[in-house]
>>> print(open('work.cif').read())   # mmCIF, C-alpha atoms
data_upload
loop_
_atom_site.label_atom_id
_atom_site.label_comp_id
_atom_site.auth_asym_id
_atom_site.auth_seq_id
_atom_site.Cartn_x
_atom_site.Cartn_y
_atom_site.Cartn_z
CA MET A 260 -0.03 18.25 5.48
CA ASN A 261 0.74 18.78 1.87
CA LEU A 262 3.82 17.02 0.57
CA LYS A 263 5.49 17.71 -2.74
CA ARG A 264 8.76 17.03 -4.55
CA PHE A 265 10.73 19.77 -6.19
CA ARG A 266 13.73 19.41 -8.44
CA GLY A 267 16.47 21.77 -9.39
CA GLU A 268 20.04 21.80 -10.54
CA THR A 269 21.04 23.11 -7.13
CA VAL A 270 19.56 22.94 -3.66
CA ARG A 271 18.88 26.65 -3.87
CA GLU A 272 16.94 26.26 -7.08
CA ALA A 273 14.84 23.39 -5.71
CA LEU A 274 14.21 25.31 -2.50
CA GLU A 275 13.13 28.38 -4.40
CA ARG A 276 10.63 26.31 -6.31
CA ALA A 277 9.34 24.74 -3.08
CA ARG A 278 8.94 28.10 -1.35
CA GLY A 279 7.45 29.63 -4.48
CA GLU A 280 4.72 27.02 -4.53
CA LEU A 281 4.18 26.14 -0.87
CA GLY A 282 5.05 29.50 0.63
CA PRO A 283 7.90 30.73 2.82
CA ASP A 284 6.94 28.34 5.65
CA ALA A 285 7.58 25.25 3.52
CA LEU A 286 9.47 22.69 5.55
CA VAL A 287 12.16 20.63 3.85
CA LEU A 288 11.66 16.99 4.81
CA SER A 289 14.50 15.53 2.80
CA THR A 290 17.03 16.35 0.12
CA GLN A 291 18.43 13.83 -2.31
CA LEU A 292 20.64 13.71 -5.35
CA VAL A 293 18.79 11.95 -8.15
CA PRO A 294 19.44 11.22 -11.80
CA PRO A 295 17.81 13.91 -13.94
CA SER A 296 14.59 13.00 -15.65
CA ARG A 297 15.67 14.23 -19.06
CA TRP A 298 18.56 13.56 -21.44
CA ARG A 299 21.23 14.65 -18.97
CA GLY A 300 20.50 11.48 -17.03
CA PHE A 301 22.26 9.51 -19.75
CA VAL A 302 25.47 11.44 -19.30
CA GLY A 303 25.58 10.85 -15.59
CA GLY A 304 24.38 14.23 -14.36
CA ARG A 305 22.62 14.73 -11.07
CA GLU A 306 19.71 16.84 -9.94
CA VAL A 307 18.65 17.83 -6.46
CA GLU A 308 15.26 16.61 -5.30
CA VAL A 309 13.73 18.28 -2.31
CA ASN A 310 10.72 16.90 -0.48
CA ALA A 311 8.92 19.82 1.09
CA ALA A 312 5.78 19.97 3.18
CA ILE A 313 3.41 22.50 4.61
CA ASP A 314 0.71 21.98 7.21
CA ARG A 315 -1.65 24.92 7.07
CA GLU A 316 -3.91 23.62 9.83
CA VAL A 317 -1.08 23.80 12.31
CA SER A 318 -0.23 27.24 13.65
CA GLU A 319 3.35 28.41 13.74
CA PRO A 320 6.07 25.91 14.62
CA ARG A 321 6.14 25.13 18.30
CA PRO A 322 9.36 24.89 20.31
CA ALA A 323 10.99 21.50 20.55
CA PRO A 324 9.77 19.44 23.53
CA GLN A 325 12.93 19.14 25.61
CA GLU A 326 14.24 22.57 24.80
CA VAL A 327 14.91 24.73 27.85
CA ARG A 328 14.68 28.31 26.72
CA GLN A 329 17.44 30.33 28.26
CA PRO A 330 17.33 34.10 28.31
CA GLU A 331 19.30 35.15 25.30
CA SER A 332 20.01 38.43 23.69
CA GLN A 333 18.22 39.26 20.51
CA ALA A 334 21.51 39.06 18.71
CA VAL A 335 21.95 35.39 19.69
CA GLY A 336 18.36 34.67 18.75
CA SER A 337 18.73 36.09 15.28
CA LEU A 338 22.11 34.43 14.93
CA ALA A 339 20.59 31.08 15.85
CA ALA A 340 17.72 31.72 13.50
CA ARG A 341 20.09 32.43 10.64
CA LEU A 342 22.11 29.32 11.38
CA GLU A 343 18.95 27.25 11.55
CA ALA A 344 17.81 28.74 8.28
CA ALA A 345 21.15 27.74 6.80
CA GLY A 346 20.49 24.13 7.78
CA PHE A 347 22.16 23.81 11.16
CA ALA A 348 20.43 21.73 13.82
CA ALA A 349 18.62 23.98 16.31
CA ALA A 350 20.72 22.70 19.22
CA VAL A 351 23.96 23.48 17.40
CA ALA A 352 22.74 26.88 16.29
CA ARG A 353 21.90 27.87 19.86
CA GLU A 354 25.33 26.81 21.08
CA VAL A 355 26.92 29.60 19.12
CA LYS A 356 27.66 32.42 21.56
CA PRO A 357 27.49 36.12 20.82
CA ALA A 358 31.23 36.29 21.42
CA HIS A 359 31.73 34.76 18.01
CA LEU A 360 32.52 37.31 15.45
CA ALA A 361 30.15 38.14 12.70
CA SER A 362 32.81 37.33 10.16
CA MET A 363 33.07 33.81 11.56
CA LEU A 364 29.36 33.46 11.27
CA LEU A 365 29.41 34.51 7.69
CA GLY A 366 32.10 31.94 7.06
CA LEU A 367 29.93 29.27 8.65
CA LEU A 368 26.97 30.25 6.56
CA GLY A 369 29.13 30.04 3.49
CA ASP A 370 30.27 26.55 4.50
CA ALA A 371 26.70 25.45 5.10
CA ARG A 372 25.69 26.60 1.66
CA THR A 373 28.48 24.79 -0.07
CA GLU A 374 27.83 21.70 2.05
CA SER A 375 24.16 21.54 1.23
CA ALA A 376 24.87 22.20 -2.39
CA ALA A 377 27.49 19.46 -2.57
CA MET B 40 -11.75 7.28 28.26
CA THR B 41 -8.34 6.91 29.76
CA SER B 42 -5.58 4.76 28.46
CA ARG B 43 -6.38 1.69 30.44
CA ALA B 44 -3.43 -0.28 29.23
CA ARG B 45 -0.71 1.85 30.71
CA GLY B 46 0.14 1.22 34.29
CA SER B 47 -2.17 -1.72 34.61
CA VAL B 48 -0.96 -5.29 34.71
CA GLY B 49 -1.80 -7.36 31.68
CA PRO B 50 -0.84 -7.80 28.08
CA VAL B 51 1.00 -5.17 26.10
CA ARG B 52 -1.54 -3.69 23.74
CA ILE B 53 -0.10 -2.61 20.41
CA ALA B 54 -2.32 -0.78 17.95
CA VAL B 55 -1.42 -0.99 14.26
CA THR B 56 -2.79 1.85 12.18
CA SER B 57 -1.90 3.69 8.98
CA GLY B 58 -4.37 6.33 7.91
CA LYS B 59 -4.25 5.23 4.29
CA GLY B 60 -5.76 1.89 3.39
CA GLY B 61 -3.83 -0.65 1.39
CA VAL B 62 -0.39 -0.04 2.87
CA GLY B 63 -0.35 -3.50 4.45
CA LYS B 64 -1.53 -2.66 7.93
CA THR B 65 -3.42 -5.90 8.52
CA ASN B 66 -0.58 -7.90 7.03
CA VAL B 67 1.87 -6.22 9.40
CA ALA B 68 -0.49 -6.90 12.31
CA ILE B 69 -0.89 -10.63 11.65
CA ASN B 70 2.76 -11.26 10.89
CA LEU B 71 3.85 -9.32 13.93
CA ALA B 72 1.39 -11.36 16.01
CA VAL B 73 2.58 -14.69 14.63
CA SER B 74 6.24 -13.65 14.98
CA LEU B 75 5.64 -12.78 18.63
CA ALA B 76 3.92 -16.13 19.06
CA ARG B 77 6.96 -17.85 17.54
CA LEU B 78 8.97 -16.21 20.31
CA ARG B 79 6.68 -18.16 22.69
CA HIS B 80 4.53 -15.24 23.67
CA ARG B 81 0.80 -15.66 24.06
CA VAL B 82 -0.76 -13.36 21.50
CA ALA B 83 -4.26 -12.21 20.61
CA ILE B 84 -5.31 -10.07 17.66
CA LEU B 85 -8.26 -7.74 18.04
CA ASP B 86 -9.68 -6.98 14.61
CA ALA B 87 -10.73 -3.42 15.37
CA ASP B 88 -12.08 -2.79 11.89
CA PHE B 89 -15.28 -3.94 13.53
CA GLY B 90 -17.61 -3.38 10.60
CA LEU B 91 -15.34 -4.66 7.86
CA GLY B 92 -12.91 -7.14 9.34
CA ASN B 93 -10.17 -8.76 7.29
CA VAL B 94 -7.87 -10.44 9.77
CA ASP B 95 -9.86 -13.69 9.65
CA VAL B 96 -9.55 -13.76 5.86
CA LEU B 97 -5.79 -13.17 5.91
CA LEU B 98 -5.37 -15.93 8.47
CA GLY B 99 -7.63 -18.32 6.59
CA LEU B 100 -10.09 -18.57 9.48
CA ALA B 101 -13.87 -18.69 9.39
CA PRO B 102 -15.19 -17.41 12.71
CA LEU B 103 -18.79 -18.15 13.65
CA ALA B 104 -19.22 -15.20 15.99
CA HIS B 105 -17.70 -11.75 16.25
CA ILE B 106 -17.26 -8.75 18.51
CA GLY B 107 -20.82 -7.64 17.72
CA HIS B 108 -22.09 -10.65 19.68
CA VAL B 109 -20.03 -9.59 22.68
CA LEU B 110 -21.35 -6.03 22.46
CA ALA B 111 -24.90 -7.36 22.22
CA GLY B 112 -24.32 -9.40 25.35
CA GLU B 113 -24.95 -12.64 23.48
CA LYS B 114 -21.52 -14.12 23.98
CA HIS B 115 -18.55 -13.86 26.29
CA ILE B 116 -15.32 -12.74 24.64
CA SER B 117 -13.73 -16.12 25.40
CA GLU B 118 -16.48 -17.76 23.31
CA ILE B 119 -15.68 -15.83 20.15
CA LEU B 120 -11.90 -16.41 20.18
CA VAL B 121 -10.68 -18.36 17.17
CA ALA B 122 -7.29 -20.04 17.22
CA GLY B 123 -5.08 -19.15 14.28
CA PRO B 124 -1.52 -20.09 13.32
CA ARG B 125 0.87 -20.63 16.26
CA ASP B 126 -2.15 -20.47 18.54
CA VAL B 127 -2.60 -16.74 17.96
CA GLN B 128 -6.14 -16.05 19.15
CA LEU B 129 -8.27 -13.86 16.93
CA ILE B 130 -11.02 -11.66 18.33
CA PRO B 131 -12.99 -11.39 15.08
CA ALA B 132 -14.79 -8.38 13.64
CA SER B 133 -17.98 -8.52 11.63
CA SER B 134 -18.01 -8.10 7.89
CA GLY B 135 -20.62 -5.72 6.61
CA MET B 136 -22.22 -4.45 9.80
CA ALA B 137 -22.36 -0.69 9.42
CA GLN B 138 -23.53 -0.14 13.00
CA LEU B 139 -20.15 -1.37 14.23
CA THR B 140 -18.18 1.22 12.28
CA ALA B 141 -18.80 3.95 14.86
CA LEU B 142 -18.90 2.63 18.40
CA THR B 143 -20.10 4.70 21.33
CA SER B 144 -17.87 5.30 24.32
CA GLY B 145 -20.11 2.88 26.23
CA GLN B 146 -19.39 0.18 23.67
CA TRP B 147 -15.68 0.91 23.93
CA GLU B 148 -15.95 0.45 27.67
CA LEU B 149 -17.48 -2.96 27.01
CA ILE B 150 -14.62 -3.89 24.71
CA GLY B 151 -12.10 -2.66 27.26
CA ASP B 152 -13.81 -4.71 29.97
CA ALA B 153 -13.90 -7.76 27.70
CA LEU B 154 -10.17 -7.42 27.01
CA ASP B 155 -9.54 -7.10 30.73
CA GLU B 156 -11.35 -10.39 31.29
CA ILE B 157 -8.91 -12.28 29.07
CA ALA B 158 -5.91 -10.18 30.13
CA ALA B 159 -4.39 -13.01 32.16
CA ASP B 160 -4.26 -15.27 29.11
CA PHE B 161 -2.11 -13.08 26.90
CA ASP B 162 1.24 -11.33 26.78
CA TYR B 163 0.38 -9.23 23.72
CA VAL B 164 -2.82 -7.99 22.17
CA ILE B 165 -2.30 -6.66 18.65
CA ILE B 166 -5.05 -4.25 17.69
CA ASP B 167 -5.55 -3.98 13.94
CA THR B 168 -7.42 -0.73 13.40
CA ALA B 169 -9.52 0.32 10.44
CA ALA B 170 -8.06 2.56 7.77
CA GLY B 171 -8.85 6.23 7.94
CA ILE B 172 -9.04 8.59 10.86
CA SER B 173 -12.54 7.88 12.16
CA GLY B 174 -13.44 7.95 15.83
CA ASN B 175 -13.15 4.15 15.89
CA VAL B 176 -9.50 4.37 14.88
CA VAL B 177 -8.64 6.93 17.55
CA ASP B 178 -10.51 4.97 20.21
CA ALA B 179 -8.81 1.72 19.19
CA VAL B 180 -5.44 3.39 19.54
CA ARG B 181 -6.48 4.87 22.85
CA ILE B 182 -6.91 1.46 24.46
CA ALA B 183 -3.38 0.53 23.35
CA SER B 184 -0.16 1.26 25.18
CA GLN B 185 1.88 1.42 21.98
CA VAL B 186 1.07 2.52 18.46
CA ILE B 187 2.63 1.40 15.24
CA VAL B 188 1.93 3.62 12.25
CA VAL B 189 2.48 1.69 9.04
CA THR B 190 3.43 3.69 5.99
CA SER B 191 5.23 3.28 2.70
CA LEU B 192 7.29 5.29 0.25
CA GLU B 193 4.23 6.61 -1.55
CA PRO B 194 3.60 10.28 -0.79
CA THR B 195 -0.07 9.54 -0.11
CA ALA B 196 0.89 6.99 2.53
CA VAL B 197 3.36 9.42 4.12
CA VAL B 198 0.82 12.25 4.22
CA ASP B 199 -1.87 9.99 5.66
CA ALA B 200 0.51 8.57 8.25
CA TYR B 201 1.28 12.13 9.27
CA ALA B 202 -2.45 12.85 9.49
CA VAL B 203 -2.93 9.93 11.88
CA ILE B 204 0.02 11.05 13.99
CA LYS B 205 -1.43 14.54 14.07
CA LEU B 206 -4.77 13.18 15.17
CA LEU B 207 -3.28 10.96 17.87
CA SER B 208 -0.83 13.48 19.26
CA PRO B 209 -3.22 15.56 21.40
CA THR B 210 -5.09 12.55 22.80
CA ASP B 211 -2.08 11.16 24.61
CA PRO B 212 1.16 13.12 24.18
CA ALA B 213 3.09 10.55 26.20
CA GLN B 214 2.13 7.58 24.04
CA GLU B 215 5.03 6.30 22.01
CA ILE B 216 4.36 6.36 18.28
CA GLY B 217 6.45 3.90 16.32
CA VAL B 218 6.76 3.92 12.56
CA VAL B 219 7.13 0.88 10.34
CA VAL B 220 7.86 1.47 6.67
CA ASN B 221 6.24 -1.30 4.68
CA ASN B 222 7.20 -2.40 1.21
CA ALA B 223 10.54 -0.60 1.32
CA HIS B 224 13.11 -1.35 -1.33
CA ASP B 225 15.95 -1.17 1.16
CA ALA B 226 16.95 0.28 4.51
CA SER B 227 17.96 3.66 3.15
CA GLU B 228 14.64 4.11 1.40
CA ALA B 229 12.80 3.23 4.61
CA GLN B 230 14.92 5.61 6.63
CA LEU B 231 14.26 8.39 4.17
CA VAL B 232 10.52 7.89 4.64
CA PHE B 233 10.91 7.81 8.40
CA ALA B 234 13.11 10.91 8.38
CA GLN B 235 10.46 12.82 6.43
CA LEU B 236 7.77 11.90 8.92
CA GLU B 237 10.06 12.59 11.84
CA VAL B 238 10.93 16.09 10.60
CA ALA B 239 7.31 16.97 9.87
CA ALA B 240 6.04 15.64 13.21
CA ALA B 241 8.77 17.40 15.16
CA ARG B 242 8.31 20.73 13.45
CA PHE B 243 4.56 20.87 12.94
CA LEU B 244 3.33 18.78 15.87
CA ASN B 245 6.16 18.93 18.37
CA ARG B 246 5.99 15.15 18.44
CA ARG B 247 8.81 12.63 18.58
CA LEU B 248 8.55 9.42 16.61
CA THR B 249 10.37 6.13 17.01
CA TYR B 250 11.68 4.14 14.06
CA PHE B 251 10.60 0.53 14.48
CA GLY B 252 12.10 -0.67 11.22
CA PHE B 253 10.86 -1.66 7.81
CA ILE B 254 9.43 -4.58 5.89
CA ALA B 255 11.27 -5.37 2.69
CA GLN B 256 9.47 -5.25 -0.61
CA ASP B 257 8.94 -8.89 -1.38
CA PRO B 258 6.72 -10.62 -3.97
CA SER B 259 6.33 -13.53 -1.54
CA VAL B 260 4.01 -11.32 0.52
CA ARG B 261 1.47 -11.57 -2.28
CA ASP B 262 1.85 -15.35 -2.40
CA ALA B 263 1.23 -15.56 1.34
CA VAL B 264 -1.84 -13.30 1.14
CA LEU B 265 -3.27 -15.44 -1.66
CA ALA B 266 -2.52 -18.56 0.38
CA GLN B 267 -4.26 -16.84 3.33
CA ARG B 268 -1.34 -17.57 5.58
CA PRO B 269 1.02 -15.26 7.46
CA ILE B 270 4.22 -15.01 5.44
CA VAL B 271 6.34 -15.75 8.51
CA ASP B 272 4.80 -19.23 8.50
CA HIS B 273 4.22 -19.63 4.77
CA LEU B 274 7.66 -18.54 3.56
CA PRO B 275 9.80 -18.09 6.68
CA GLN B 276 13.02 -17.62 4.70
CA SER B 277 11.71 -14.73 2.65
CA ALA B 278 13.12 -11.24 3.07
CA ALA B 279 9.84 -9.89 4.44
CA SER B 280 9.63 -12.69 7.01
CA ARG B 281 13.08 -11.84 8.28
CA CYS B 282 11.99 -8.22 8.71
CA PHE B 283 8.91 -9.29 10.63
CA ARG B 284 11.02 -11.41 12.96
CA ILE B 285 13.32 -8.47 13.60
CA LEU B 286 10.36 -6.21 14.24
CA ALA B 287 8.84 -8.71 16.68
CA SER B 288 12.15 -9.21 18.47
CA ARG B 289 12.55 -5.50 18.84
CA LEU B 290 9.05 -5.06 20.23
CA ALA B 291 9.58 -7.97 22.56
CA GLY B 292 12.66 -6.22 23.87
CA LEU B 293 15.15 -8.75 22.58
CA VAL B 294 16.93 -6.23 20.40
CA PRO B 295 18.17 -3.15 22.19
CA HIS B 296 16.20 -0.09 21.42
CA HIS B 297 18.20 3.09 21.18
CA GLY B 298 15.66 5.61 22.28
CA SER B 299 14.08 8.02 19.87
CA GLY B 300 15.34 9.66 16.76
CA LEU B 301 17.55 6.70 16.10
CA ARG B 302 18.97 5.21 12.95
CA LEU B 303 18.77 1.54 13.66
CA VAL B 304 21.41 -0.64 12.16
CA ALA B 305 19.70 -3.98 12.63
CA PRO B 306 17.11 -3.64 9.85
CA LEU B 307 19.88 -3.48 7.28
CA GLU B 308 19.80 -7.21 7.51
CA CYS B 309 16.27 -7.10 6.14
CA ALA B 310 17.58 -6.16 2.77
CA ALA B 311 20.32 -8.77 2.67
CA PRO B 312 20.35 -10.33 -0.77
CA SER B 313 20.67 -13.86 0.55
CA SER B 314 17.03 -14.83 0.19
CA PRO B 315 16.42 -17.20 -2.70
CA GLU B 316 12.69 -16.48 -2.58
CA ALA B 317 13.13 -12.78 -3.06
CA PRO B 318 16.12 -11.91 -5.20
CA GLU B 319 14.44 -8.60 -6.04
CA CYS B 320 15.02 -7.44 -2.49
CA ALA B 321 18.76 -7.37 -3.00
#
>>> encode(input="work.cif", output="structure tokens")
Amino acid sequence: MNLKRFRGETVREALERARGELGPDALVLSTQLVPPSRWRGFVGGREVEVNAAIDREVSEPRPAPQEVRQPESQAVGSLAARLEAAGFAAAVAREVKPAHLASMLLGLLGDARTESAA
Amino acid sequence: MTSRARGSVGPVRIAVTSGKGGVGKTNVAINLAVSLARLRHRVAILDADFGLGNVDVLLGLAPLAHIGHVLAGEKHISEILVAGPRDVQLIPASSGMAQLTALTSGQWELIGDALDEIAADFDYVIIDTAAGISGNVVDAVRIASQVIVVTSLEPTAVVDAYAVIKLLSPTDPAQEIGVVVNNAHDASEAQLVFAQLEVAAARFLNRRLTYFGFIAQDPSVRDAVLAQRPIVDHLPQSAASRCFRILASRLAGLVPHHGSGLRLVAPLECAAPSSPEAPECA
């Protein structure tokens, strides 16, 4: 496993740096708000620090151990995937049923972004 | 070799390993052992860094014989036991015997048999493994029923702890892997380290980890090491000693254990600023 810290003014910026260096499969291990390293630290600013990792010797991520895979439409799968990508726990993401409207989903994604950026 | 500890009657065998050297693995092992002994358990420590043992040095003991004599058939395991603090019995390793750094499976069988022969005398056997990920480390963990991976905040320690977990995962997927964060500034720092390992192990290895707690950063640890005494005996009121007692209580089942993926509340106490010996831990 390779582990590295990335900083940015926003989560998105730090994530972009992590994915730029470690590749699209980079896994975020933790996210913290930290005082900036430069002069802005003195005026009380904050930076986002992301700890990201990649394990190239391990093939693609395997399913979680206790997870019982239920037959699901592709729509639900991609929905869950998008929610997971937006930072939702896998279990929560899979709870979301196709009945939910796409607009609702977009709202959720928007919330997730603002939450993780906060 | 199968995991002989599980299912069989006898002491609980707990392997302490870390991947990276210098994270305080041996110190965790001896203080855990002595803390368990203070809870009136009968405890032995197997120094499984067979070629380059350190447990005797940290306990201030000078053994005359070591595991090499048992493997050579010169001595019975009961003859090489050395009593340490709180009557913790050390099964010593050699110091500087390269041939003991890579044991054959036959030799491991002998060690397993030897441990079985003294099984009735102990409630816990703490197995202090070597650093690294050599065959000896994996085999030492394999004879244990529980594993403690010691790590610290340093990225190198986290990566190496992950490497050990990765190495151990296929050998026995059912074996519980507990994580102890050593030298942590406070509970939140320790939990951050654990969370990182937990996420990586879950995603990359499909492996659950258990948080066993942390040991507070404490300059008294150095004093105890220099005094060649376990800190739980040398400076029992220190912050680190309190953490060791909590860890031992938890392992001994005195503190409820909330399954896996938990955020334990108890270790918060470890960082309580009430210790006069270690004001830095506040």
>>> residues_around(input="work.cif", residues="B:Ile204", least_positions_apart="5", cutoff="8 Å", atoms="all atoms listed in the file", output="mmCIF file with C-alpha atoms, keeping the file's coordinate frame")
data_model
loop_
_atom_site.group_PDB
_atom_site.id
_atom_site.type_symbol
_atom_site.label_atom_id
_atom_site.label_comp_id
_atom_site.auth_asym_id
_atom_site.auth_seq_id
_atom_site.Cartn_x
_atom_site.Cartn_y
_atom_site.Cartn_z
ATOM 1 C CA VAL B 188 1.930 3.620 12.250
ATOM 2 C CA ILE B 216 4.360 6.360 18.280
ATOM 3 C CA ALA B 240 6.040 15.640 13.210
#
>>> atom_distance(input="work.cif", atom1="atom CA of A:Trp298", atom2="atom CA of B:Leu231")
26.5 Å
>>> residues_around(input="work.cif", residues="stretch 284-290 of chain B", least_positions_apart="5", cutoff="12 Å", atoms="only C-alpha atoms", output="PyMOL selection string")
chain B and resi 51-53+67-80+82+162-163+165+185-187+217-221+249-255+270-272+275-279+295-297+303-310
>>> interface_residues(input="work.cif", of="chain B", to="chain A", cutoff="7 Å", atoms="all atoms listed in the file", output="list in words")
Pro194, Val198, Gln235, Val238, Ala239, Arg242, Phe243 and Asn245 of chain B
>>> resolve_selection(input="work.cif", expression="the PyMOL selection byres ((chain A and resi 266-273) around 6)", output="PyMOL selection string")
chain A and resi 265+274-276+306-308+376
>>> resolve_selection(input="work.cif", expression="the PyMOL selection byres ((chain B and resi 173) around 10)", output="MDAnalysis selection string")
chainID B and resid 58 140:141 169:172 174:178 203 206
>>> atom_distance(input="work.cif", atom1="atom CA of B:Gln146", atom2="atom CA of B:Gln214")
22.8 Å
>>> atom_distance(input="work.cif", atom1="atom CA of B:Ala200", atom2="atom CA of B:Gly61")
12.3 Å
>>> residues_near_point(input="work.cif", point="(-15.9, -5.1, 26.4)", cutoff="10 Å", atoms="all atoms listed in the file", output="count of residues only")
18
>>> closest_residue(input="work.cif", among="B:Ala101, B:Ala159, B:Val260, B:Ile130", to="B:Asp88", atoms="all atoms listed in the file")
B:Ile130
>>> residues_near_point(input="work.cif", point="(-21.1, 0.5, 11.2)", cutoff="10 Å", atoms="all atoms listed in the file", output="short mmCIF file (atom, residue, chain, number, x, y, z; two decimals) with C-alpha atoms, in the frame of the given file")
data_model
loop_
_atom_site.label_atom_id
_atom_site.label_comp_id
_atom_site.auth_asym_id
_atom_site.auth_seq_id
_atom_site.Cartn_x
_atom_site.Cartn_y
_atom_site.Cartn_z
CA ASP B 88 -12.08 -2.79 11.89
CA PHE B 89 -15.28 -3.94 13.53
CA GLY B 90 -17.61 -3.38 10.60
CA LEU B 91 -15.34 -4.66 7.86
CA SER B 133 -17.98 -8.52 11.63
CA SER B 134 -18.01 -8.10 7.89
CA GLY B 135 -20.62 -5.72 6.61
CA MET B 136 -22.22 -4.45 9.80
CA ALA B 137 -22.36 -0.69 9.42
CA GLN B 138 -23.53 -0.14 13.00
CA LEU B 139 -20.15 -1.37 14.23
CA THR B 140 -18.18 1.22 12.28
CA ALA B 141 -18.80 3.95 14.86
CA LEU B 142 -18.90 2.63 18.40
CA ASN B 175 -13.15 4.15 15.89
#
>>> closest_residue(input="work.cif", among="B:Ile119, B:Lys59, B:Pro50, B:Arg268", to="B:Ala196", atoms="all atoms listed in the file")
B:Lys59
>>> resolve_selection(input="work.cif", expression="the PyMOL selection byres ((chain B and resi 129) around 6)", output="PDB file with C-alpha atoms, in the coordinates of the input")
ATOM      1  CA  ALA B  83      -4.260 -12.210  20.610  1.00  0.00           C
ATOM      2  CA  ILE B  84      -5.310 -10.070  17.660  1.00  0.00           C
ATOM      3  CA  LEU B 120     -11.900 -16.410  20.180  1.00  0.00           C
ATOM      4  CA  VAL B 121     -10.680 -18.360  17.170  1.00  0.00           C
ATOM      5  CA  GLN B 128      -6.140 -16.050  19.150  1.00  0.00           C
ATOM      6  CA  ILE B 130     -11.020 -11.660  18.330  1.00  0.00           C
ATOM      7  CA  PRO B 131     -12.990 -11.390  15.080  1.00  0.00           C
TER       8      PRO B 131
END
>>> decode(input="work.cif", residues="stretch 141-154 of chain B", atoms="N, CA and C atoms", output="PDB file, in the first residue's frame")
ATOM      1  N   ALA B 141      14.937 -18.131  10.829  1.00  0.00           N
ATOM      2  CA  ALA B 141      14.006 -18.743   9.872  1.00  0.00           C
ATOM      3  C   ALA B 141      13.825 -20.205  10.253  1.00  0.00           C
ATOM      4  N   LEU B 142      12.803 -20.448  11.060  1.00  0.00           N
ATOM      5  CA  LEU B 142      12.575 -21.814  11.536  1.00  0.00           C
ATOM      6  C   LEU B 142      11.830 -22.639  10.497  1.00  0.00           C
ATOM      7  N   THR B 143      12.093 -23.919  10.498  1.00  0.00           N
ATOM      8  CA  THR B 143      11.368 -24.825   9.604  1.00  0.00           C
ATOM      9  C   THR B 143      10.014 -25.160  10.235  1.00  0.00           C
ATOM     10  N   SER B 144       9.127 -25.723   9.429  1.00  0.00           N
ATOM     11  CA  SER B 144       7.820 -26.085   9.985  1.00  0.00           C
ATOM     12  C   SER B 144       7.987 -27.146  11.063  1.00  0.00           C
ATOM     13  N   GLY B 145       9.005 -28.006  10.908  1.00  0.00           N
ATOM     14  CA  GLY B 145       9.277 -29.008  11.939  1.00  0.00           C
ATOM     15  C   GLY B 145       9.649 -28.354  13.264  1.00  0.00           C
ATOM     16  N   GLN B 146      10.451 -27.300  13.174  1.00  0.00           N
ATOM     17  CA  GLN B 146      10.847 -26.593  14.398  1.00  0.00           C
ATOM     18  C   GLN B 146       9.642 -25.886  15.029  1.00  0.00           C
ATOM     19  N   TRP B 147       8.763 -25.376  14.172  1.00  0.00           N
ATOM     20  CA  TRP B 147       7.553 -24.746  14.713  1.00  0.00           C
ATOM     21  C   TRP B 147       6.677 -25.767  15.423  1.00  0.00           C
ATOM     22  N   GLU B 148       6.639 -26.967  14.865  1.00  0.00           N
ATOM     23  CA  GLU B 148       5.900 -28.050  15.534  1.00  0.00           C
ATOM     24  C   GLU B 148       6.463 -28.274  16.932  1.00  0.00           C
ATOM     25  N   LEU B 149       7.803 -28.279  17.010  1.00  0.00           N
ATOM     26  CA  LEU B 149       8.451 -28.486  18.314  1.00  0.00           C
ATOM     27  C   LEU B 149       8.066 -27.382  19.297  1.00  0.00           C
ATOM     28  N   ILE B 150       8.043 -26.147  18.804  1.00  0.00           N
ATOM     29  CA  ILE B 150       7.679 -25.034  19.676  1.00  0.00           C
ATOM     30  C   ILE B 150       6.214 -25.162  20.104  1.00  0.00           C
ATOM     31  N   GLY B 151       5.363 -25.521  19.142  1.00  0.00           N
ATOM     32  CA  GLY B 151       3.954 -25.735  19.479  1.00  0.00           C
ATOM     33  C   GLY B 151       3.788 -26.821  20.527  1.00  0.00           C
ATOM     34  N   ASP B 152       4.526 -27.923  20.352  1.00  0.00           N
ATOM     35  CA  ASP B 152       4.453 -29.021  21.322  1.00  0.00           C
ATOM     36  C   ASP B 152       4.949 -28.566  22.696  1.00  0.00           C
ATOM     37  N   ALA B 153       6.052 -27.804  22.674  1.00  0.00           N
ATOM     38  CA  ALA B 153       6.621 -27.318  23.937  1.00  0.00           C
ATOM     39  C   ALA B 153       5.617 -26.424  24.653  1.00  0.00           C
ATOM     40  N   LEU B 154       4.942 -25.557  23.894  1.00  0.00           N
ATOM     41  CA  LEU B 154       3.932 -24.682  24.512  1.00  0.00           C
ATOM     42  C   LEU B 154       2.780 -25.500  25.063  1.00  0.00           C
TER      43      LEU B 154
END
